[in-house]
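Content type compact mmCIF, C-alpha atoms, from the file final.txt:
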# COMPACT_ATOMS: atom_id res chain seq x y z
CA MET O 296 -15.99 -43.48 -30.57
CA ALA O 297 -18.33 -40.49 -30.75
CA LEU O 298 -16.35 -38.73 -28.01
CA HIS O 299 -13.14 -39.35 -29.92
CA LEU O 300 -14.58 -37.90 -33.12
CA TYR O 301 -15.82 -34.85 -31.24
CA ALA O 302 -12.38 -34.38 -29.67
CA LEU O 303 -10.86 -34.54 -33.17
CA LEU O 304 -13.29 -31.84 -34.29
CA VAL O 305 -12.20 -29.65 -31.39
CA ALA O 306 -8.53 -30.20 -32.24
CA VAL O 307 -9.04 -29.33 -35.92
CA SER O 308 -11.02 -26.23 -34.93
CA THR O 309 -8.18 -25.16 -32.66
CA ALA O 310 -5.71 -25.50 -35.54
CA ILE O 311 -7.95 -23.29 -37.67
CA LEU O 312 -8.02 -20.75 -34.85
CA ILE O 313 -4.21 -20.72 -34.73
CA PHE O 314 -4.12 -20.04 -38.49
CA ALA O 315 -6.64 -17.22 -38.06
CA GLY O 316 -4.52 -15.75 -35.28
CA GLY O 317 -1.50 -15.95 -37.54
CA LEU O 318 -3.38 -13.97 -40.18
CA VAL O 319 -4.19 -11.26 -37.63
CA THR O 320 -0.52 -10.83 -36.71
CA SER O 321 0.78 -11.21 -40.27
CA THR O 322 -1.57 -8.52 -41.60
CA GLY O 323 -1.01 -6.20 -38.64
CA SER O 324 -4.70 -6.31 -37.76
CA GLY O 325 -4.37 -6.78 -34.02
CA LEU O 326 -5.80 -3.33 -33.23
CA SER O 327 -8.21 -3.07 -36.16
CA VAL O 328 -10.95 -3.60 -33.57
CA PRO O 329 -9.85 -1.43 -30.64
CA ASP O 330 -12.46 -2.54 -28.08
CA TRP O 331 -13.13 -5.85 -26.36
CA PRO O 332 -15.28 -7.89 -25.84
CA THR O 333 -17.49 -5.77 -28.11
CA THR O 334 -16.66 -4.86 -31.71
CA TYR O 335 -16.98 -1.11 -32.18
CA GLY O 336 -19.67 -1.20 -29.51
CA TRP O 337 -21.60 -4.03 -31.21
CA PHE O 338 -22.19 -7.39 -29.60
CA MET O 339 -19.80 -9.75 -31.34
CA LEU O 340 -22.43 -11.88 -33.08
CA THR O 341 -24.48 -8.91 -34.29
CA PHE O 342 -21.67 -6.93 -35.92
CA PRO O 343 -22.76 -6.11 -39.53
CA LEU O 344 -21.06 -8.22 -42.18
CA ASP O 345 -20.74 -5.28 -44.56
CA LYS O 346 -18.48 -3.53 -42.04
CA MET O 347 -16.02 -6.46 -41.94
CA VAL O 348 -13.46 -4.91 -44.28
CA GLY O 349 -9.68 -4.60 -44.19
CA GLY O 350 -8.09 -5.54 -40.89
CA ILE O 351 -11.51 -5.69 -39.20
CA PHE O 352 -12.27 -8.77 -41.26
CA TYR O 353 -9.23 -10.67 -39.92
CA GLU O 354 -9.57 -9.56 -36.29
CA HIS O 355 -13.34 -10.03 -36.02
CA THR O 356 -13.19 -13.41 -37.81
CA HIS O 357 -10.51 -14.47 -35.35
CA ARG O 358 -12.79 -13.53 -32.46
CA LEU O 359 -15.74 -15.44 -33.94
CA ILE O 360 -13.66 -18.58 -34.47
CA ALA O 361 -12.26 -18.26 -30.94
CA SER O 362 -15.81 -18.11 -29.55
CA VAL O 363 -16.75 -21.27 -31.43
CA VAL O 364 -13.64 -23.10 -30.21
CA GLY O 365 -14.38 -21.98 -26.65
CA LEU O 366 -17.90 -23.39 -26.83
CA LEU O 367 -16.61 -26.63 -28.34
CA ILE O 368 -14.14 -27.05 -25.47
CA VAL O 369 -16.90 -26.39 -22.96
CA GLY O 370 -18.84 -29.21 -24.62
CA LEU O 371 -15.76 -31.45 -24.59
CA ALA O 372 -15.17 -30.90 -20.87
CA ALA O 373 -18.85 -31.60 -20.13
CA TRP O 374 -18.82 -34.76 -22.24
CA LEU O 375 -15.70 -36.03 -20.50
CA TRP O 376 -17.27 -35.28 -17.11
CA ARG O 377 -20.41 -37.21 -18.02
CA SER O 378 -18.98 -40.28 -19.76
CA GLU O 379 -15.21 -40.64 -19.35
CA PRO O 380 -14.37 -43.27 -16.70
CA ARG O 381 -10.69 -42.29 -16.30
CA PRO O 382 -10.31 -39.43 -13.80
CA TRP O 383 -7.03 -38.19 -15.26
CA VAL O 384 -8.59 -37.80 -18.73
CA ARG O 385 -11.49 -35.88 -17.22
CA ARG O 386 -9.01 -33.58 -15.53
CA LEU O 387 -7.35 -32.92 -18.87
CA GLY O 388 -10.72 -31.67 -20.11
CA TYR O 389 -10.99 -29.31 -17.15
CA VAL O 390 -7.46 -28.04 -17.78
CA ALA O 391 -8.29 -27.43 -21.44
CA LEU O 392 -11.37 -25.47 -20.42
CA ALA O 393 -9.39 -23.35 -17.97
CA ALA O 394 -6.68 -22.79 -20.59
CA VAL O 395 -9.08 -21.61 -23.29
CA ILE O 396 -10.78 -19.22 -20.85
CA THR O 397 -7.37 -17.81 -19.91
CA GLN O 398 -6.53 -17.59 -23.59
CA GLY O 399 -9.61 -15.50 -24.27
CA ILE O 400 -8.77 -13.15 -21.39
CA LEU O 401 -5.20 -12.77 -22.68
CA GLY O 402 -6.58 -11.96 -26.11
CA GLY O 403 -8.72 -9.21 -24.63
CA ILE O 404 -5.83 -7.80 -22.60
CA THR O 405 -3.67 -7.83 -25.73
CA VAL O 406 -6.17 -5.49 -27.42
CA LEU O 407 -6.95 -3.28 -24.43
CA TRP O 408 -3.27 -2.80 -23.58
CA PHE O 409 -2.29 -2.10 -27.23
CA LEU O 410 -0.41 -5.29 -28.07
CA PRO O 411 2.30 -5.47 -25.37
CA ASP O 412 5.00 -7.92 -26.48
CA ALA O 413 4.95 -10.06 -23.33
CA ILE O 414 1.16 -10.54 -23.37
CA SER O 415 1.11 -11.18 -27.12
CA ILE O 416 3.84 -13.83 -26.80
CA ALA O 417 2.03 -15.46 -23.86
CA HIS O 418 -1.17 -15.44 -25.93
CA ALA O 419 0.61 -17.23 -28.77
CA GLY O 420 2.29 -19.74 -26.47
CA LEU O 421 -0.91 -20.60 -24.63
CA ALA O 422 -2.68 -21.19 -27.94
CA GLN O 423 -0.16 -23.94 -28.67
CA LEU O 424 -0.79 -25.51 -25.26
CA VAL O 425 -4.55 -25.49 -25.83
CA PHE O 426 -3.96 -27.22 -29.17
CA CYS O 427 -1.74 -29.83 -27.49
CA LEU O 428 -4.40 -30.47 -24.84
CA THR O 429 -7.11 -31.07 -27.43
CA ILE O 430 -4.77 -33.33 -29.42
CA SER O 431 -3.95 -35.30 -26.28
CA ILE O 432 -7.61 -35.76 -25.37
CA ALA O 433 -8.36 -36.92 -28.92
CA LEU O 434 -5.52 -39.45 -28.63
CA PHE O 435 -6.52 -40.71 -25.18
CA THR O 436 -10.11 -41.30 -26.31
CA SER O 437 -9.12 -43.07 -29.54
CA PRO O 438 -9.87 -46.78 -30.06
CA GLY O 439 -6.20 -47.50 -30.78
CA TRP O 440 -5.06 -46.04 -27.47
CA ASN O 441 -7.78 -47.84 -25.52
CA ARG O 442 -6.83 -51.21 -26.95
CA SER O 443 -3.11 -50.38 -26.53
CA TYR O 444 -2.64 -50.84 -30.29
CA SER O 445 -2.83 -54.58 -29.60
CA ARG O 446 -4.25 -55.41 -33.04
CA SER O 447 -0.96 -54.66 -34.73
CA GLY O 448 -0.04 -58.29 -34.22
CA ALA O 449 2.10 -60.17 -31.70
CA GLY O 450 4.51 -61.25 -34.46
CA ILE O 451 5.30 -57.64 -35.25
CA PHE O 452 6.02 -56.89 -31.59
CA ALA O 453 8.24 -59.98 -31.35
CA SER O 454 10.34 -58.73 -34.30
CA GLU O 455 11.26 -55.49 -32.50
CA ARG O 456 14.95 -54.93 -31.90
CA LYS O 457 14.09 -53.48 -28.48
CA PRO O 458 10.81 -53.91 -26.56
CA LEU O 459 8.91 -50.64 -26.39
CA GLU O 460 8.16 -50.98 -22.69
CA THR O 461 11.91 -50.95 -21.87
CA ASP O 462 13.02 -48.44 -24.50
CA ARG O 463 13.93 -45.47 -22.33
CA THR O 464 16.06 -43.95 -25.08
CA LEU O 465 13.06 -43.44 -27.34
CA ARG O 466 11.02 -41.87 -24.56
CA ARG O 467 13.81 -39.47 -23.63
CA VAL O 468 14.60 -38.40 -27.19
CA ALA O 469 10.91 -37.99 -28.07
CA ILE O 470 10.24 -35.91 -24.95
CA ALA O 471 13.27 -33.75 -25.72
CA THR O 472 12.06 -33.24 -29.30
CA THR O 473 8.61 -32.15 -28.16
CA GLY O 474 9.99 -29.82 -25.49
CA LEU O 475 12.49 -28.19 -27.85
CA THR O 476 9.83 -27.80 -30.52
CA TYR O 477 7.64 -25.86 -28.10
CA ALA O 478 10.60 -23.70 -27.08
CA GLN O 479 11.28 -23.03 -30.77
CA ILE O 480 7.67 -21.91 -31.24
CA ILE O 481 8.02 -19.48 -28.33
CA VAL O 482 11.17 -18.04 -29.92
CA GLY O 483 9.26 -17.73 -33.19
CA ALA O 484 6.41 -15.93 -31.44
CA THR O 485 8.93 -13.57 -29.85
CA MET O 486 10.42 -12.89 -33.29
CA ARG O 487 7.00 -12.19 -34.79
CA HIS O 488 5.72 -9.93 -32.04
CA THR O 489 8.95 -7.92 -31.69
CA GLY O 490 9.16 -7.25 -35.42
CA ALA O 491 12.33 -9.32 -35.94
CA GLY O 492 10.98 -11.46 -38.76
CA LEU O 493 13.13 -9.76 -41.41
CA ALA O 494 16.02 -8.72 -39.17
CA ILE O 495 18.11 -11.10 -41.30
CA PRO O 496 16.80 -10.53 -44.83
CA ASP O 497 18.54 -13.38 -46.68
CA PHE O 498 18.31 -17.16 -46.49
CA PRO O 499 20.00 -19.58 -45.85
CA TRP O 500 22.84 -17.16 -45.12
CA ALA O 501 22.85 -14.34 -42.60
CA PHE O 502 23.99 -11.18 -44.39
CA GLY O 503 25.99 -13.43 -46.70
CA HIS O 504 27.69 -15.25 -43.80
CA LEU O 505 27.06 -18.32 -41.72
CA VAL O 506 27.06 -16.15 -38.58
CA PRO O 507 25.80 -12.55 -38.73
CA PRO O 508 28.70 -10.08 -38.90
CA VAL O 509 26.63 -7.47 -37.03
CA TRP O 510 24.34 -7.89 -34.08
CA SER O 511 21.30 -6.30 -32.50
CA ALA O 512 18.50 -7.57 -30.29
CA ALA O 513 16.31 -8.28 -33.34
CA ILE O 514 19.13 -10.07 -35.19
CA ALA O 515 19.88 -12.18 -32.11
CA ILE O 516 16.25 -13.26 -31.79
CA HIS O 517 15.99 -14.06 -35.50
CA TYR O 518 19.26 -15.99 -35.53
CA ALA O 519 18.26 -17.91 -32.39
CA HIS O 520 15.14 -19.04 -34.23
CA ARG O 521 17.24 -20.36 -37.10
CA VAL O 522 19.61 -22.18 -34.76
CA GLY O 523 16.58 -23.61 -32.95
CA ALA O 524 15.26 -24.95 -36.25
CA VAL O 525 18.54 -26.82 -36.78
CA LEU O 526 18.39 -28.31 -33.28
CA VAL O 527 14.74 -29.37 -33.63
CA THR O 528 15.54 -30.99 -36.98
CA ALA O 529 18.47 -32.91 -35.47
CA LEU O 530 16.39 -34.20 -32.55
CA ALA O 531 13.47 -35.08 -34.81
CA LEU O 532 15.79 -37.04 -37.12
CA ALA O 533 17.20 -38.88 -34.09
CA THR O 534 13.70 -39.76 -32.89
CA VAL O 535 12.48 -40.90 -36.28
CA GLY O 536 15.67 -42.86 -36.93
CA HIS O 537 15.32 -44.65 -33.61
CA VAL O 538 11.71 -45.57 -34.36
CA LEU O 539 12.47 -46.85 -37.85
CA TYR O 540 15.44 -48.88 -36.64
CA HIS O 541 14.03 -50.37 -33.44
CA HIS O 542 10.23 -50.26 -33.90
CA ARG O 543 9.58 -50.33 -37.64
CA GLY O 544 6.81 -52.89 -37.14
CA ARG O 545 4.77 -50.63 -34.87
CA ILE O 546 2.49 -48.69 -37.17
CA GLU O 547 1.36 -46.44 -34.31
CA LEU O 548 4.95 -45.15 -34.08
CA ARG O 549 5.95 -45.36 -37.73
CA ARG O 550 3.09 -43.23 -39.04
CA PRO O 551 3.63 -40.18 -36.81
CA SER O 552 7.37 -40.49 -37.39
CA LEU O 553 6.98 -40.22 -41.16
CA LEU O 554 4.40 -37.46 -40.75
CA LEU O 555 6.82 -35.57 -38.50
CA LEU O 556 9.51 -35.72 -41.20
CA THR O 557 7.05 -34.49 -43.83
CA LEU O 558 5.75 -31.61 -41.73
CA LEU O 559 9.27 -30.62 -40.71
CA THR O 560 10.29 -30.41 -44.36
CA VAL O 561 7.25 -28.27 -45.16
CA GLN O 562 7.92 -26.07 -42.11
CA ILE O 563 11.54 -25.38 -43.09
CA THR O 564 10.42 -24.55 -46.63
CA LEU O 565 7.75 -22.17 -45.34
CA GLY O 566 10.28 -20.52 -43.03
CA ALA O 567 12.60 -19.87 -45.95
CA LEU O 568 9.75 -18.54 -48.10
CA THR O 569 8.63 -16.26 -45.26
CA VAL O 570 11.98 -14.48 -45.44
CA LEU O 571 12.38 -14.58 -49.21
CA THR O 572 8.87 -13.20 -49.85
CA GLY O 573 9.22 -10.43 -47.29
CA LYS O 574 6.80 -12.11 -44.85
CA HIS O 575 3.87 -12.71 -47.19
CA TYR O 576 0.90 -12.92 -44.83
CA VAL O 577 -0.46 -16.26 -46.11
CA ILE O 578 2.94 -17.98 -46.10
CA ASN O 579 3.71 -16.51 -42.69
CA SER O 580 0.42 -17.76 -41.25
CA LEU O 581 0.92 -21.22 -42.79
CA HIS O 582 4.34 -21.25 -41.14
CA VAL O 583 2.65 -20.63 -37.78
CA VAL O 584 0.03 -23.35 -38.08
CA THR O 585 2.48 -25.87 -39.55
CA GLY O 586 4.70 -25.29 -36.53
CA ALA O 587 1.73 -26.17 -34.35
CA MET O 588 1.21 -29.36 -36.36
CA VAL O 589 4.88 -30.31 -35.97
CA LEU O 590 4.50 -29.87 -32.20
CA ALA O 591 1.28 -31.89 -32.11
CA THR O 592 2.77 -34.73 -34.18
CA SER O 593 5.85 -34.88 -31.97
CA LEU O 594 3.55 -34.94 -28.92
CA VAL O 595 1.50 -37.84 -30.33
CA LEU O 596 4.67 -39.78 -31.08
CA THR O 597 5.95 -39.11 -27.56
CA LEU O 598 2.72 -40.19 -25.87
CA ARG O 599 2.55 -43.37 -27.94
CA ALA O 600 6.17 -44.13 -27.08
CA CYS O 601 5.21 -43.72 -23.41
CA ARG O 602 2.06 -45.85 -23.80
CA PRO O 603 3.37 -48.79 -21.71
CA ARG O 604 3.79 -46.44 -18.75
CA PHE O 605 0.02 -45.93 -18.74
CA ALA O 606 -0.66 -49.69 -18.53
CA GLY O 607 -1.91 -49.79 -14.94
CA ARG O 608 -3.56 -46.40 -15.11
CA ASP O 609 -5.80 -46.97 -18.12
CA MET O 610 -8.79 -49.20 -17.48
CA ILE O 611 -10.75 -50.46 -20.42
CA ALA O 612 -14.26 -48.97 -20.40
CA GLY O 613 -13.94 -48.20 -16.71
CA SER O 614 -13.50 -51.84 -15.69
CA ALA O 615 -10.78 -53.24 -13.47
CA THR O 616 -9.16 -54.98 -16.45
CA PRO O 617 -5.71 -53.56 -17.24
CA ASP O 618 -4.51 -52.93 -20.77
CA PRO O 619 -4.33 -56.20 -22.71
CA ALA O 620 -1.21 -55.43 -24.72
CA TYR O 621 1.13 -53.94 -22.16
CA ALA O 622 0.18 -54.96 -18.61
CA PRO O 623 1.79 -58.44 -18.77
CA THR O 624 5.00 -57.17 -20.39
CA VAL O 625 5.23 -54.29 -17.94
CA ARG O 626 4.99 -56.71 -15.05
CA ARG O 627 7.66 -58.97 -16.59
CA ALA O 628 9.92 -55.98 -17.08
CA GLY O 629 9.50 -55.02 -13.41
CA LEU O 630 7.89 -51.71 -14.27
CA ALA O 631 4.86 -49.92 -12.88
CA PRO O 632 2.91 -47.09 -14.46
CA PHE O 633 5.05 -43.92 -14.31
CA GLY O 634 7.72 -45.64 -12.21
CA PRO O 635 9.21 -48.91 -10.95
CA SER O 636 7.07 -51.35 -9.08
CA THR O 637 7.75 -52.28 -5.47
CA GLY O 638 7.65 -55.68 -3.94
CA SER O 639 5.71 -54.47 -0.92
CA GLY O 640 2.97 -53.09 -3.15
CA SER O 641 2.67 -56.40 -5.00
CA SER O 642 2.58 -58.39 -1.76
CA ARG O 643 -0.12 -56.10 -0.34
CA ALA O 644 -2.18 -56.63 -3.49
CA ARG O 645 -1.81 -60.41 -3.20
CA SER O 646 -2.74 -60.23 0.48
CA ARG O 647 -5.88 -58.23 -0.27
CA ASP O 648 -6.84 -60.70 -3.02
CA GLY O 649 -6.33 -63.65 -0.64
CA LYS O 650 -8.45 -62.07 2.10
CA LEU O 651 -11.20 -61.32 -0.41
CA ARG O 652 -11.28 -64.92 -1.64
CA ALA O 653 -11.31 -66.25 1.93
CA SER O 654 -14.17 -63.93 2.84
CA ARG O 655 -16.22 -65.07 -0.12
CA ALA O 656 -15.52 -68.72 0.67
CA GLY O 657 -16.58 -68.18 4.28
CA ARG O 658 -19.89 -66.64 3.25
CA GLY O 659 -20.55 -69.55 0.90
CA THR O 660 -19.86 -72.12 3.67
CA GLU O 661 -22.11 -70.28 6.11
CA GLN O 662 -24.98 -70.29 3.61
CA THR O 663 -24.72 -74.05 3.11
CA ARG O 664 -24.89 -74.61 6.88
CA ARG O 665 -27.99 -72.41 7.36
CA PRO O 666 -30.92 -73.38 5.14
CA ASP O 667 -33.78 -70.91 4.91
CA GLY O 668 -35.63 -70.56 8.17
CA ALA O 669 -33.33 -72.95 10.11
CA HIS O 670 -31.97 -70.32 12.48
CA ALA O 671 -32.80 -66.79 13.49
Written as structure tokens, how would this file's structure read?
Amino acid sequence: MALHLYALLVAVSTAILIFAGGLVTSTGSGLSVPDWPTTYGWFMLTFPLDKMVGGIFYEHTHRLIASVVGLLIVGLAAWLWRSEPRPWVRRLGYVALAAVITQGILGGITVLWFLPDAISIAHAGLAQLVFCLTISIALFTSPGWNRSYSRSGAGIFASERKPLETDRTLRRVAIATTGLTYAQIIVGATMRHTGAGLAIPDFPWAFGHLVPPVWSAAIAIHYAHRVGAVLVTALALATVGHVLYHHRGRIELRRPSLLLLTLLTVQITLGALTVLTGKHYVINSLHVVTGAMVLATSLVLTLRACRPRFAGRDMIAGSATPDPAYAPTVRRAGLAPFGPSTGSGSSRARSRDGKLRASRAGRGTEQTRRPDGAHA
């Protein structure tokens, strides 16, 4: 439980870092501190507070928060290495550590190379992946995940219109929603870093039309972001509708579904206000971090929808006991973790179990025949 709470702290800190990064871009403060890793020649932690004015305040604060998040992820990876029994979860911690180190290097290159668009967009996109990694680790270490949400009640599961372990439609739609949401964030980052945020100055129309009557590279990027928002909304509605129709009794799916709808509504509102206020820096930055939260919520919903596929891979507290809620139903459905089961694999397992029992029985018989000291 302590590891889970720490992972949540890391995830929240990463979200704060994304908001701080949004403030840097929204205020045009990316080059307010022109050197890296120092700040005007000062070591980062010793830079005088009275000199943190104007854009320096946003850029240097962003660097300080990034340093804290980096240290927190180092601690998370070490904690997972020391106490997490599942190798694949430990590897996620190592990937998160490598990603945050790469993120820091990209941030430095962004400053030293004077904000090149490609590096700045990669920096923004990798920040979202780091956030998703921390969210995933927090989910995988949660008590609900480790008990397979089995306390929700067997009666609730029995009332489902379609068993979760065989619901491929939900998994596919949820994965598509998460993937498209990330693509939409990349388009948004491209729009921000290429200065296309106000290429279409009105909303919800485009120069008074549904489709822009004139085109340029900036207008195309901006309009693609709006079209992407429509597509993400459609897929999210399909995912949420499927959950509420087929799995209303599963609180672990219903809650993120309703949260996804709420965040999506807020995100669309913030997007409109970003245009209508001429990219106010606070609204613009809230739009960035809310997009990250939409992505994270969609990811959580997707992973929970795929939970039965982890049945044979997750071991409770490092034991050989499979998940209590899903392992039997997965076997009945003829499924194996991350793919169909094979008869040969099952027969080999039964054969190994039979040999082990026979070996134990043989040792017990031999001990009864040879009392202490009877034979050499």
Report, as lines of an AutoDock Vina configuration file, the axis-aligned box around all atoms of range 583-600 of chain O present in the file, extended by 8 Å on each side; give centre and edge lengths in Å to one decimal place.
center_x = 3.1
center_y = -32.4
center_z = -32.7
size_x = 22.1
size_y = 39.5
size_z = 29.7
* Using only C-alpha atoms: which of O:Gln562, O:Gly586, O:Gly316, O:Tyr335 has the shortest distance to Thr473 in chain O ->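 Of O:Gln562, O:Gly586, O:Gly316, O:Tyr335, the one nearest Thr473 in chain O, counting only C-alpha atoms, is O:Gly586.
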* To do: Find the residues near Asp412 in chain O: any atom within 7 Å, counting all atoms listed in the file, skip ones fewer than 4 places away on the same chain, and give them as a list in words.
  =>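 Once the adjacent positions are removed, what remains is Ile416, His488 and Thr489 of chain O.
With all atoms listed in the file as the atoms that count, the residue of O:Ser308, O:Leu558, O:Pro382, O:Pro508 with the shortest distance to Leu366 in chain O is O:Ser308.
Going from CA of Met486 in chain O over to CA of Ile400 in chain O, you cover 22.6 Å.
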Excluding same-chain residues fewer than 6 positions from Glu354 in chain O, what lies within 8 Å of it counting all atoms listed in the file, as a CSV table (one decimal) with C-alpha atoms, in the frame of the given file?
chain,number,residue,atom,x,y,z
O,319,VAL,CA,-4.2,-11.3,-37.6
O,324,SER,CA,-4.7,-6.3,-37.8
O,325,GLY,CA,-4.4,-6.8,-34.0
O,326,LEU,CA,-5.8,-3.3,-33.2
O,327,SER,CA,-8.2,-3.1,-36.2
O,328,VAL,CA,-11.0,-3.6,-33.6
* **Straight-line distance linking CA of Ala478 in chain O with CA of Gly420 in chain O, stated in Å to one decimal** =>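 If I compute the distance from CA of Ala478 in chain O to CA of Gly420 in chain O, I get 9.2 Å.
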* Mind pulling up the distance from CA of Ala393 in chain O to CA of Arg487 in chain O? ->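 Atom-to-atom, CA of Arg487 in chain O and CA of Ala393 in chain O are spaced 26.0 Å apart.
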* To do: Excluding Ala433 in chain O and any residue of its chain fewer than 2 positions from it, enumerate the residues within 6 Å of it, using only C-alpha atoms, and give them as a list in words.
  =>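 Here the qualifying residues turn out to be His299, Ala302, Leu303, Ile430, Ser431, Phe435 and Thr436 of chain O.
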* Asked: For Met588 in chain O, which residue among O:Phe426, O:Trp374, O:Phe498, O:Tyr353 is the nearest when counting only C-alpha atoms?
  ->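 Comparing O:Phe426, O:Trp374, O:Phe498, O:Tyr353 against Met588 in chain O, the winner is O:Phe426.
Minimum distance to Trp383 in chain O across O:Ile313, O:Gly492, O:Ile432, O:Val369 (counting only C-alpha atoms) occurs at O:Ile432.
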Using all atoms listed in the file, which residues sit within 8 Å of range 563-578 of chain O once same-chain residues fewer than 3 positions away are excluded, as a PDB file with C-alpha atoms, keeping the file's coordinate frame?
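Ended up saving to around-v3.pdb:
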ATOM      1  CA  LEU O 318      -3.380 -13.970 -40.180  1.00  0.00           C
ATOM      2  CA  SER O 321       0.780 -11.210 -40.270  1.00  0.00           C
ATOM      3  CA  THR O 322      -1.570  -8.520 -41.600  1.00  0.00           C
ATOM      4  CA  GLY O 492      10.980 -11.460 -38.760  1.00  0.00           C
ATOM      5  CA  LEU O 493      13.130  -9.760 -41.410  1.00  0.00           C
ATOM      6  CA  PRO O 496      16.800 -10.530 -44.830  1.00  0.00           C
ATOM      7  CA  ASP O 497      18.540 -13.380 -46.680  1.00  0.00           C
ATOM      8  CA  PHE O 498      18.310 -17.160 -46.490  1.00  0.00           C
ATOM      9  CA  PRO O 499      20.000 -19.580 -45.850  1.00  0.00           C
ATOM     10  CA  ALA O 524      15.260 -24.950 -36.250  1.00  0.00           C
ATOM     11  CA  LEU O 559       9.270 -30.620 -40.710  1.00  0.00           C
ATOM     12  CA  THR O 560      10.290 -30.410 -44.360  1.00  0.00           C
ATOM     13  CA  LEU O 581       0.920 -21.220 -42.790  1.00  0.00           C
ATOM     14  CA  HIS O 582       4.340 -21.250 -41.140  1.00  0.00           C
TER      15      HIS O 582
END
* To do: In the coordinate frame of the file, compute which residues have an atom within 10 Å of (-6.0, -19.5, -29.7) when using all atoms listed in the file, and state them as a ChimeraX atom specification.
  => /O:308-317,357-358,360-362,364-365,394-395,398-399,401-402,418-426
Selected residues written out with C-alpha atoms, as a short mmCIF file (atom, residue, chain, number, x, y, z; two decimals), in the coordinates of the input:
data_model
loop_
_atom_site.label_atom_id
_atom_site.label_comp_id
_atom_site.auth_asym_id
_atom_site.auth_seq_id
_atom_site.Cartn_x
_atom_site.Cartn_y
_atom_site.Cartn_z
CA SER O 308 -11.02 -26.23 -34.93
CA THR O 309 -8.18 -25.16 -32.66
CA ALA O 310 -5.71 -25.50 -35.54
CA ILE O 311 -7.95 -23.29 -37.67
CA LEU O 312 -8.02 -20.75 -34.85
CA ILE O 313 -4.21 -20.72 -34.73
CA PHE O 314 -4.12 -20.04 -38.49
CA ALA O 315 -6.64 -17.22 -38.06
CA GLY O 316 -4.52 -15.75 -35.28
CA GLY O 317 -1.50 -15.95 -37.54
CA HIS O 357 -10.51 -14.47 -35.35
CA ARG O 358 -12.79 -13.53 -32.46
CA ILE O 360 -13.66 -18.58 -34.47
CA ALA O 361 -12.26 -18.26 -30.94
CA SER O 362 -15.81 -18.11 -29.55
CA VAL O 364 -13.64 -23.10 -30.21
CA GLY O 365 -14.38 -21.98 -26.65
CA ALA O 394 -6.68 -22.79 -20.59
CA VAL O 395 -9.08 -21.61 -23.29
CA GLN O 398 -6.53 -17.59 -23.59
CA GLY O 399 -9.61 -15.50 -24.27
CA LEU O 401 -5.20 -12.77 -22.68
CA GLY O 402 -6.58 -11.96 -26.11
CA HIS O 418 -1.17 -15.44 -25.93
CA ALA O 419 0.61 -17.23 -28.77
CA GLY O 420 2.29 -19.74 -26.47
CA LEU O 421 -0.91 -20.60 -24.63
CA ALA O 422 -2.68 -21.19 -27.94
CA GLN O 423 -0.16 -23.94 -28.67
CA LEU O 424 -0.79 -25.51 -25.26
CA VAL O 425 -4.55 -25.49 -25.83
CA PHE O 426 -3.96 -27.22 -29.17
#
Extract, using only C-alpha atoms, all DNA, RNA and protein residues at most 12 Å from Thr528 in chain O, discarding same-chain residues fewer than 2 positions from it, and format them as a PDB file with C-alpha atoms, keeping the file's coordinate frame.
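Result file is result-v7.pdb:
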ATOM      1  CA  ALA O 471      13.270 -33.750 -25.720  1.00  0.00           C
ATOM      2  CA  THR O 472      12.060 -33.240 -29.300  1.00  0.00           C
ATOM      3  CA  THR O 473       8.610 -32.150 -28.160  1.00  0.00           C
ATOM      4  CA  LEU O 475      12.490 -28.190 -27.850  1.00  0.00           C
ATOM      5  CA  THR O 476       9.830 -27.800 -30.520  1.00  0.00           C
ATOM      6  CA  GLN O 479      11.280 -23.030 -30.770  1.00  0.00           C
ATOM      7  CA  ARG O 521      17.240 -20.360 -37.100  1.00  0.00           C
ATOM      8  CA  VAL O 522      19.610 -22.180 -34.760  1.00  0.00           C
ATOM      9  CA  GLY O 523      16.580 -23.610 -32.950  1.00  0.00           C
ATOM     10  CA  ALA O 524      15.260 -24.950 -36.250  1.00  0.00           C
ATOM     11  CA  VAL O 525      18.540 -26.820 -36.780  1.00  0.00           C
ATOM     12  CA  LEU O 526      18.390 -28.310 -33.280  1.00  0.00           C
ATOM     13  CA  LEU O 530      16.390 -34.200 -32.550  1.00  0.00           C
ATOM     14  CA  ALA O 531      13.470 -35.080 -34.810  1.00  0.00           C
ATOM     15  CA  LEU O 532      15.790 -37.040 -37.120  1.00  0.00           C
ATOM     16  CA  ALA O 533      17.200 -38.880 -34.090  1.00  0.00           C
ATOM     17  CA  THR O 534      13.700 -39.760 -32.890  1.00  0.00           C
ATOM     18  CA  VAL O 535      12.480 -40.900 -36.280  1.00  0.00           C
ATOM     19  CA  GLY O 536      15.670 -42.860 -36.930  1.00  0.00           C
ATOM     20  CA  LEU O 555       6.820 -35.570 -38.500  1.00  0.00           C
ATOM     21  CA  LEU O 556       9.510 -35.720 -41.200  1.00  0.00           C
ATOM     22  CA  THR O 557       7.050 -34.490 -43.830  1.00  0.00           C
ATOM     23  CA  LEU O 558       5.750 -31.610 -41.730  1.00  0.00           C
ATOM     24  CA  LEU O 559       9.270 -30.620 -40.710  1.00  0.00           C
ATOM     25  CA  THR O 560      10.290 -30.410 -44.360  1.00  0.00           C
ATOM     26  CA  VAL O 561       7.250 -28.270 -45.160  1.00  0.00           C
ATOM     27  CA  GLN O 562       7.920 -26.070 -42.110  1.00  0.00           C
ATOM     28  CA  ILE O 563      11.540 -25.380 -43.090  1.00  0.00           C
ATOM     29  CA  VAL O 589       4.880 -30.310 -35.970  1.00  0.00           C
ATOM     30  CA  SER O 593       5.850 -34.880 -31.970  1.00  0.00           C
TER      31      SER O 593
END
